[in-house]
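target01.cif, holding mmCIF, C-alpha atoms and all ligand atoms:
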```
data_query
#
loop_
_atom_site.group_PDB
_atom_site.id
_atom_site.type_symbol
_atom_site.label_atom_id
_atom_site.label_comp_id
_atom_site.auth_asym_id
_atom_site.auth_seq_id
_atom_site.Cartn_x
_atom_site.Cartn_y
_atom_site.Cartn_z
ATOM 1 C CA MET A 1 -35.681 -69.966 -44.344
ATOM 2 C CA ILE A 2 -33.543 -73.108 -44.075
ATOM 3 C CA ARG A 3 -35.949 -74.509 -41.503
ATOM 4 C CA MET A 4 -38.890 -73.897 -43.886
ATOM 5 C CA ILE A 5 -37.104 -75.764 -46.646
ATOM 6 C CA LEU A 6 -36.389 -78.595 -44.216
ATOM 7 C CA THR A 7 -40.078 -78.855 -43.346
ATOM 8 C CA ILE A 8 -41.048 -79.057 -47.001
ATOM 9 C CA VAL A 9 -38.322 -81.620 -47.665
ATOM 10 C CA SER A 10 -39.478 -83.658 -44.659
ATOM 11 C CA VAL A 11 -43.032 -83.825 -46.023
ATOM 12 C CA VAL A 12 -41.788 -85.121 -49.335
ATOM 13 C CA PHE A 13 -39.136 -87.510 -48.081
ATOM 14 C CA ILE A 14 -40.272 -88.376 -44.558
ATOM 15 C CA GLY A 15 -38.949 -91.705 -43.411
ATOM 16 C CA SER A 16 -36.674 -92.068 -46.347
ATOM 17 C CA THR A 17 -32.902 -91.848 -46.565
ATOM 18 C CA PRO A 18 -32.883 -88.777 -48.863
ATOM 19 C CA PHE A 19 -34.707 -86.757 -46.183
ATOM 20 C CA VAL A 20 -32.319 -87.748 -43.425
ATOM 21 C CA TYR A 21 -29.397 -86.876 -45.646
ATOM 22 C CA ALA A 22 -30.886 -83.561 -46.778
ATOM 23 C CA ALA A 23 -31.856 -82.556 -43.234
ATOM 24 C CA GLU A 24 -28.497 -83.402 -41.738
ATOM 25 C CA THR A 25 -26.686 -81.601 -44.519
ATOM 26 C CA ALA A 26 -28.864 -78.510 -44.197
ATOM 27 C CA LEU A 27 -28.393 -78.420 -40.415
ATOM 28 C CA LYS A 28 -24.664 -78.886 -40.778
ATOM 29 C CA ASN A 29 -24.552 -76.099 -43.361
ATOM 30 C CA GLU A 30 -26.586 -73.823 -41.115
ATOM 31 C CA SER A 31 -24.278 -74.479 -38.180
ATOM 32 C CA LEU A 32 -21.186 -74.050 -40.335
ATOM 33 C CA GLU A 33 -22.569 -70.782 -41.651
ATOM 34 C CA LYS A 34 -22.898 -69.544 -38.073
ATOM 35 C CA THR A 35 -19.345 -70.631 -37.258
ATOM 36 C CA ILE A 36 -17.934 -68.850 -40.297
ATOM 37 C CA LYS A 37 -19.863 -65.669 -39.571
ATOM 38 C CA GLY A 38 -18.903 -65.808 -35.901
ATOM 39 C CA ALA A 39 -15.202 -66.304 -36.600
ATOM 40 C CA ILE A 40 -15.126 -63.461 -39.131
ATOM 41 C CA ALA A 41 -17.075 -61.180 -36.772
ATOM 42 C CA ASP A 42 -14.633 -61.899 -33.921
ATOM 43 C CA LEU A 43 -11.646 -61.039 -36.106
ATOM 44 C CA ILE A 44 -13.223 -57.788 -37.301
ATOM 45 C CA GLU A 45 -14.530 -56.724 -33.899
ATOM 46 C CA ASP A 46 -11.399 -57.664 -31.949
ATOM 47 C CA ASN A 47 -9.266 -55.714 -34.400
ATOM 48 C CA ALA A 48 -11.624 -52.734 -34.222
ATOM 49 C CA ALA A 49 -11.379 -52.791 -30.420
ATOM 50 C CA PHE A 50 -7.576 -53.030 -30.570
ATOM 51 C CA ALA A 51 -7.375 -50.107 -33.014
ATOM 52 C CA ALA A 52 -9.746 -48.054 -30.874
ATOM 53 C CA TRP A 53 -7.924 -48.745 -27.573
ATOM 54 C CA THR A 54 -4.417 -48.276 -28.884
ATOM 55 C CA PRO A 55 -3.131 -44.715 -29.137
ATOM 56 C CA ASP A 56 -1.298 -43.612 -32.301
ATOM 57 C CA GLU A 57 1.941 -43.168 -30.332
ATOM 58 C CA HIS A 58 2.022 -46.906 -29.726
ATOM 59 C CA PHE A 59 2.753 -47.576 -33.389
ATOM 60 C CA GLN A 60 5.255 -44.806 -33.990
ATOM 61 C CA SER A 61 8.434 -46.590 -32.862
ATOM 62 C CA PHE A 62 8.081 -49.416 -35.381
ATOM 63 C CA GLN A 63 6.200 -47.922 -38.291
ATOM 64 C CA ASP A 64 9.343 -47.718 -40.437
ATOM 65 C CA ILE A 65 11.434 -50.622 -39.146
ATOM 66 C CA GLN A 66 11.097 -53.722 -37.022
ATOM 67 C CA ASN A 67 13.621 -54.510 -34.341
ATOM 68 C CA PRO A 68 12.912 -57.932 -32.836
ATOM 69 C CA ARG A 69 15.274 -59.694 -30.410
ATOM 70 C CA VAL A 70 13.878 -63.176 -30.939
ATOM 71 C CA THR A 71 13.134 -65.425 -33.896
ATOM 72 C CA MET A 72 10.614 -67.962 -32.675
ATOM 73 C CA VAL A 73 9.744 -71.128 -34.578
ATOM 74 C CA MET A 74 6.458 -72.510 -33.383
ATOM 75 C CA CYS A 75 4.027 -75.205 -34.366
ATOM 76 C CA SER A 76 0.897 -73.824 -36.035
ATOM 77 C CA ASP A 77 -1.224 -75.484 -33.337
ATOM 78 C CA SER A 78 -3.877 -73.005 -32.179
ATOM 79 C CA ARG A 79 -3.296 -73.928 -28.540
ATOM 80 C CA VAL A 80 0.195 -72.470 -28.685
ATOM 81 C CA GLN A 81 0.429 -68.689 -29.005
ATOM 82 C CA VAL A 82 3.197 -66.107 -28.641
ATOM 83 C CA ASP A 83 1.166 -64.473 -25.880
ATOM 84 C CA ASN A 84 1.958 -67.509 -23.742
ATOM 85 C CA PHE A 85 5.614 -66.443 -23.639
ATOM 86 C CA SER A 86 5.554 -62.696 -23.978
ATOM 87 C CA GLN A 87 3.633 -59.715 -22.704
ATOM 88 C CA GLY A 88 5.046 -57.587 -25.484
ATOM 89 C CA ALA A 89 5.685 -59.645 -28.595
ATOM 90 C CA GLU A 90 4.964 -56.769 -30.953
ATOM 91 C CA ASN A 91 8.236 -55.700 -32.593
ATOM 92 C CA ASP A 92 10.117 -58.122 -30.334
ATOM 93 C CA ILE A 93 9.335 -61.617 -31.592
ATOM 94 C CA PHE A 94 9.688 -62.549 -35.249
ATOM 95 C CA VAL A 95 7.576 -65.672 -35.684
ATOM 96 C CA ALA A 96 7.821 -68.511 -38.172
ATOM 97 C CA ARG A 97 5.128 -71.147 -37.804
ATOM 98 C CA ASN A 98 4.518 -74.487 -39.442
ATOM 99 C CA ILE A 99 3.273 -77.913 -38.476
ATOM 100 C CA GLY A 100 5.821 -79.481 -36.146
ATOM 101 C CA ASN A 101 7.879 -76.292 -35.489
ATOM 102 C CA GLN A 102 10.382 -77.299 -38.106
ATOM 103 C CA PHE A 103 13.529 -75.737 -39.496
ATOM 104 C CA SER A 104 13.453 -77.153 -43.044
ATOM 105 C CA THR A 105 9.913 -76.216 -43.998
ATOM 106 C CA THR A 106 10.435 -72.594 -43.075
ATOM 107 C CA GLN A 107 14.194 -72.154 -43.443
ATOM 108 C CA GLY A 108 13.916 -68.937 -45.454
ATOM 109 C CA SER A 109 11.812 -67.213 -42.799
ATOM 110 C CA ILE A 110 14.208 -68.305 -40.063
ATOM 111 C CA GLU A 111 17.232 -67.076 -42.018
ATOM 112 C CA TYR A 112 15.451 -63.789 -42.558
ATOM 113 C CA GLY A 113 14.952 -63.446 -38.806
ATOM 114 C CA VAL A 114 18.472 -64.451 -37.814
ATOM 115 C CA ASN A 115 20.560 -63.101 -40.702
ATOM 116 C CA SER A 116 18.583 -60.104 -41.950
ATOM 117 C CA LEU A 117 16.832 -58.885 -38.806
ATOM 118 C CA LYS A 118 19.776 -60.114 -36.718
ATOM 119 C CA THR A 119 17.786 -61.476 -33.810
ATOM 120 C CA PRO A 120 20.321 -62.740 -31.254
ATOM 121 C CA VAL A 121 17.946 -65.434 -30.001
ATOM 122 C CA LEU A 122 16.490 -68.265 -32.062
ATOM 123 C CA ILE A 123 14.062 -70.494 -30.217
ATOM 124 C CA PHE A 124 12.221 -73.611 -31.359
ATOM 125 C CA VAL A 125 9.046 -74.241 -29.406
ATOM 126 C CA GLY A 126 7.572 -77.729 -29.530
ATOM 127 C CA HIS A 127 4.482 -78.567 -27.504
ATOM 128 C CA SER A 128 2.633 -81.357 -25.775
ATOM 129 C CA HIS A 129 -0.013 -83.323 -27.696
ATOM 130 C CA CYS A 130 1.362 -82.251 -31.098
ATOM 131 C CA GLY A 131 -0.656 -83.595 -34.029
ATOM 132 C CA ALA A 132 2.297 -83.229 -36.399
ATOM 133 C CA ILE A 133 4.437 -85.451 -34.190
ATOM 134 C CA LYS A 134 1.688 -88.054 -33.991
ATOM 135 C CA ALA A 135 1.176 -87.971 -37.763
ATOM 136 C CA ALA A 136 4.906 -88.158 -38.510
ATOM 137 C CA ARG A 137 5.108 -91.311 -36.383
ATOM 138 C CA GLY A 138 2.212 -92.946 -38.228
ATOM 139 C CA ASP A 139 1.544 -94.100 -41.778
ATOM 140 C CA LEU A 140 2.433 -91.130 -43.959
ATOM 141 C CA ASN A 141 0.959 -92.789 -47.055
ATOM 142 C CA GLN A 142 -2.505 -92.054 -45.646
ATOM 143 C CA ILE A 143 -1.800 -88.328 -45.604
ATOM 144 C CA ALA A 144 -2.466 -85.792 -48.379
ATOM 145 C CA PRO A 145 0.657 -85.021 -50.461
ATOM 146 C CA ALA A 146 1.212 -81.401 -49.426
ATOM 147 C CA ILE A 147 0.918 -82.256 -45.734
ATOM 148 C CA ARG A 148 3.012 -85.397 -46.161
ATOM 149 C CA LYS A 149 5.754 -83.304 -47.748
ATOM 150 C CA GLU A 150 5.988 -81.165 -44.600
ATOM 151 C CA LEU A 151 5.945 -84.188 -42.312
ATOM 152 C CA LEU A 152 8.608 -86.118 -44.229
ATOM 153 C CA THR A 153 11.252 -83.706 -42.973
ATOM 154 C CA MET A 154 10.630 -84.873 -39.408
ATOM 155 C CA ASP A 155 12.543 -87.785 -37.962
ATOM 156 C CA VAL A 156 10.800 -88.852 -34.778
ATOM 157 C CA LYS A 157 9.986 -92.525 -35.156
ATOM 158 C CA ALA A 158 12.942 -93.605 -32.996
ATOM 159 C CA ALA A 159 11.481 -92.009 -29.852
ATOM 160 C CA PRO A 160 9.789 -94.497 -27.493
ATOM 161 C CA ASP A 161 6.663 -92.393 -26.963
ATOM 162 C CA GLU A 162 4.995 -89.192 -28.120
ATOM 163 C CA ASN A 163 6.286 -86.997 -25.303
ATOM 164 C CA GLN A 164 9.831 -87.996 -26.057
ATOM 165 C CA ALA A 165 9.185 -87.626 -29.771
ATOM 166 C CA VAL A 166 8.233 -83.982 -29.177
ATOM 167 C CA ALA A 167 11.582 -83.492 -27.426
ATOM 168 C CA LEU A 168 13.496 -85.399 -30.099
ATOM 169 C CA ASN A 169 11.922 -83.235 -32.781
ATOM 170 C CA VAL A 170 12.987 -80.055 -30.991
ATOM 171 C CA HIS A 171 16.538 -81.402 -30.656
ATOM 172 C CA ASN A 172 16.535 -82.255 -34.376
ATOM 173 C CA GLN A 173 15.477 -78.743 -35.309
ATOM 174 C CA VAL A 174 18.130 -77.155 -33.096
ATOM 175 C CA GLU A 175 20.718 -79.410 -34.729
ATOM 176 C CA LYS A 176 19.667 -78.259 -38.202
ATOM 177 C CA ALA A 177 19.761 -74.620 -37.142
ATOM 178 C CA LEU A 178 23.203 -75.098 -35.577
ATOM 179 C CA ALA A 179 24.507 -76.317 -38.920
ATOM 180 C CA ASP A 180 23.074 -73.265 -40.667
ATOM 181 C CA PHE A 181 24.145 -70.663 -38.089
ATOM 182 C CA LYS A 182 27.356 -72.352 -36.917
ATOM 183 C CA GLU A 183 29.518 -69.247 -37.194
ATOM 184 C CA LYS A 184 27.039 -67.006 -35.427
ATOM 185 C CA VAL A 185 26.664 -69.450 -32.553
ATOM 186 C CA GLU A 186 30.403 -69.984 -32.195
ATOM 187 C CA SER A 187 31.009 -66.242 -32.107
ATOM 188 C CA LYS A 188 28.159 -65.915 -29.578
ATOM 189 C CA LYS A 189 26.161 -63.622 -31.812
ATOM 190 C CA VAL A 190 23.222 -65.988 -31.612
ATOM 191 C CA ALA A 191 21.893 -68.350 -28.944
ATOM 192 C CA ILE A 192 19.742 -71.218 -30.161
ATOM 193 C CA ILE A 193 17.244 -72.594 -27.692
ATOM 194 C CA GLY A 194 15.039 -75.669 -27.877
ATOM 195 C CA ALA A 195 11.928 -75.701 -25.699
ATOM 196 C CA ILE A 196 8.610 -77.416 -25.114
ATOM 197 C CA TYR A 197 5.420 -75.610 -24.207
ATOM 198 C CA ASP A 198 3.307 -77.935 -22.081
ATOM 199 C CA PHE A 199 -0.367 -77.018 -21.810
ATOM 200 C CA ARG A 200 -1.458 -80.263 -20.148
ATOM 201 C CA ASN A 201 1.328 -81.063 -17.746
ATOM 202 C CA ASP A 202 2.587 -84.039 -19.730
ATOM 203 C CA TYR A 203 6.107 -83.366 -18.452
ATOM 204 C CA GLY A 204 5.255 -82.700 -14.798
ATOM 205 C CA TYR A 205 6.303 -79.046 -14.564
ATOM 206 C CA GLY A 206 2.715 -77.764 -14.465
ATOM 207 C CA ASN A 207 0.226 -76.528 -17.017
ATOM 208 C CA GLY A 208 1.388 -73.772 -19.335
ATOM 209 C CA GLN A 209 5.096 -74.083 -18.568
ATOM 210 C CA LEU A 210 7.817 -73.487 -21.119
ATOM 211 C CA ILE A 211 10.539 -76.064 -20.529
ATOM 212 C CA ILE A 212 14.021 -75.427 -21.889
ATOM 213 C CA ILE A 213 15.555 -78.655 -23.207
ATOM 214 C CA ASN A 214 18.382 -77.517 -25.454
ATOM 215 C CA LEU A 215 20.839 -74.646 -25.557
ATOM 216 C CA ASN A 216 23.161 -74.460 -28.555
ATOM 217 C CA GLY A 217 23.076 -78.246 -28.829
ATOM 218 C CA GLU A 218 23.604 -78.894 -25.111
ATOM 219 C CA LYS A 219 20.909 -81.230 -23.783
ATOM 220 C CA ASP A 220 22.161 -81.826 -20.223
ATOM 221 C CA PRO A 221 19.743 -79.910 -17.947
ATOM 222 C CA LYS A 222 22.486 -79.217 -15.376
ATOM 223 C CA LYS A 223 24.821 -77.735 -17.957
ATOM 224 C CA ILE A 224 22.005 -75.707 -19.503
ATOM 225 C CA THR A 225 20.979 -74.388 -16.082
ATOM 226 C CA ASN A 226 24.562 -73.334 -15.398
ATOM 227 C CA SER A 227 24.646 -71.169 -18.503
ATOM 228 C CA HIS A 228 25.030 -67.474 -17.713
ATOM 229 C CA TYR A 229 22.016 -66.847 -19.908
ATOM 230 C CA PHE A 230 19.834 -68.155 -17.090
ATOM 231 C CA ASP A 231 21.600 -66.399 -14.199
ATOM 232 C CA GLY A 232 19.159 -64.876 -11.761
ATOM 233 C CA LEU A 233 16.074 -66.356 -13.399
ATOM 234 C CA ASP A 234 13.923 -67.805 -10.631
ATOM 235 C CA HIS A 235 11.289 -69.253 -12.889
ATOM 236 C CA VAL A 236 13.301 -70.996 -15.546
ATOM 237 C CA LYS A 237 12.336 -74.629 -16.089
ATOM 238 C CA VAL A 238 15.079 -76.743 -17.595
ATOM 239 C CA GLY A 239 14.804 -80.423 -18.102
ATOM 240 C CA ILE A 240 12.815 -83.411 -19.228
HETATM 241 ZN ZN ZN A 301 2.031 -79.196 -33.051
#
```
Would you mind writing the file's structure down as C-alpha cells?
Amino acid sequence: MIRMILTIVSVVFIGSTPFVYAAETALKNESLEKTIKGAIADLIEDNAAFAAWTPDEHFQSFQDIQNPRVTMVMCSDSRVQVDNFSQGAENDIFVARNIGNQFSTTQGSIEYGVNSLKTPVLIFVGHSHCGAIKAARGDLNQIAPAIRKELLTMDVKAAPDENQAVALNVHNQVEKALADFKEKVESKKVAIIGAIYDFRNDYGYGNGQLIIINLNGEKDPKKITNSHYFDGLDHVKVGI
C-alpha cells in the first residue's frame, strides 16, 4: 500500500524536492514500522517461549518474597546485561540501572536493595565505550534538560582519557555508596565492589571480562586481590 502511494506521489512530484522528501519519509516510516513490530514480536514470543519452557515449580520459591544476595548498579547500555555476570540472576541480583551506573540518580533503589532487601554485596558495574561518560565529559549545554540532569551528577572531566574516566566514575560511585552505607561496611555486613565490564578489550584483559577495580574504597589491585573475598577464585580479574 505504501509502495502504491509512493508511485502515485512520484508521478506527481518526480524530480522535485517534495517527492524526494515524501519518498524518503515513507520508506523510513515503513522500515521503522517493521522495526517496531519486530521488537514487540520478539518480546512477546520470547516471553511465551520462556513461560512454556519453565515449569511451575521454578517460580514457587520466590512467588511470595525475593531473596537476592547482590544489589547491582549498572549502566542502561544495552550491551551490558546481567546475564554477562550470572547464570542465575533471578531472585539473586537486584538491579538498579541508569545512564552512567550512578549512585545519586538511583539512590532510593540502591538503598532498597541494601537496607530493605539486605543484600550483602553492592556492586557498581561501569563499562567500556560508555556514552554517558563521553557525554559527561563534553558540552552538557547541548544536551536535553532531563538527560543533562542525570549527567551533572557525574564528575569525570579530570580523567585523562575515556577509559580512565570510566574507572574514575566507578570509584566516585563507590565513594558515594561508602558514605551512605558506612556503618554496614565497617561492620562487614556489606561489601561494596567497583568493576568495569569490558566488551571490547579496551583494558587488555580480553573481551567480555569483568574487572574488579575497587573493594570498599581500596583501589590497589594487590590489596584487593589479597582480600579473603577472592580466595580460591581462579578467574578473578583485578586491576587497571
Ligand atoms: Zn554506559
Please tabulate, as a Markdown table, the residues of chain A that come within 6 Å of ligand ZN 301 (chain A), each with its closest pair of atoms and the distance in Å to one decimal, counting only C-alpha atoms and all ligand atoms and ordering rows by chain, then residue number upward.
```
| residue | atom | partner | partner_atom | distance |
| --- | --- | --- | --- | --- |
| A:Cys75 | CA | A:ZN301 | ZN | 4.7 |
| A:Asp77 | CA | A:ZN301 | ZN | 4.9 |
| A:Ile99 | CA | A:ZN301 | ZN | 5.7 |
| A:Gly100 | CA | A:ZN301 | ZN | 4.9 |
| A:Cys130 | CA | A:ZN301 | ZN | 3.7 |
| A:Gly131 | CA | A:ZN301 | ZN | 5.2 |
| A:Ala132 | CA | A:ZN301 | ZN | 5.2 |
```
Show me, as a count of residues only, the residues that have an atom within 10 Å of stretch 169-184 of chain A when counting all atoms listed in the file, minus same-chain residues fewer than 3 positions from it.
44
Counting only C-alpha atoms, which residues come within 12 Å of (7.2, -53.5, -37.6), with the point read in the file's coordinates, and could you list them as a PyMOL selection string?
chain A and resi 58-68+89-94+117
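Residue nearest A:Tyr229 within the list A:Leu32, A:Val121, A:Tyr112, A:Leu210: A:Val121 [criterion: smallest interatomic distance, only C-alpha atoms].
Interatomic distance, atom CA of A:Met74 to atom CA of A:Arg137: 19.1 Å.
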Counting all atoms listed in the file, what is within 12 Å of A:Ile147, bar same-chain residues fewer than 2 positions away, as number ranges by chain?
A: 98-100, 105, 131-132, 135-136, 140-145, 149-154
Report the distance between atom CA of A:Glu30 and atom CA of A:Leu43 in Å, rounded to one decimal place.
20.3 Å
Mind checking which residues fall within 6 Å of A:Asp198, counting only C-alpha atoms, ignoring those fewer than 5 positions away in the same chain, and posting them as an MDAnalysis selection string?
chainID A and resid 127:128 208:209
Could you save the residues just selected, with C-alpha atoms, as an mmCIF file, in the frame of the given file?
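File written: out.cif
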```cif
data_model
loop_
_atom_site.group_PDB
_atom_site.id
_atom_site.type_symbol
_atom_site.label_atom_id
_atom_site.label_comp_id
_atom_site.auth_asym_id
_atom_site.auth_seq_id
_atom_site.Cartn_x
_atom_site.Cartn_y
_atom_site.Cartn_z
ATOM 1 C CA HIS A 127 4.482 -78.567 -27.504
ATOM 2 C CA SER A 128 2.633 -81.357 -25.775
ATOM 3 C CA GLY A 208 1.388 -73.772 -19.335
ATOM 4 C CA GLN A 209 5.096 -74.083 -18.568
#
```
Hey, can you check how far atom CA of A:Ile36 sits from atom CA of A:Trp53?
25.8 Å
Put a box with edges along x, y and z around all the listed atoms of stretch 38-44 of chain A, pad it by 6 Å on each side, then give me its centre and sizes in Å, one decimal, as AutoDock Vina command-line options.
```
--center_x -15.3 --center_y -62.0 --center_z -36.5 --size_x 19.3 --size_y 20.5 --size_z 17.2
```
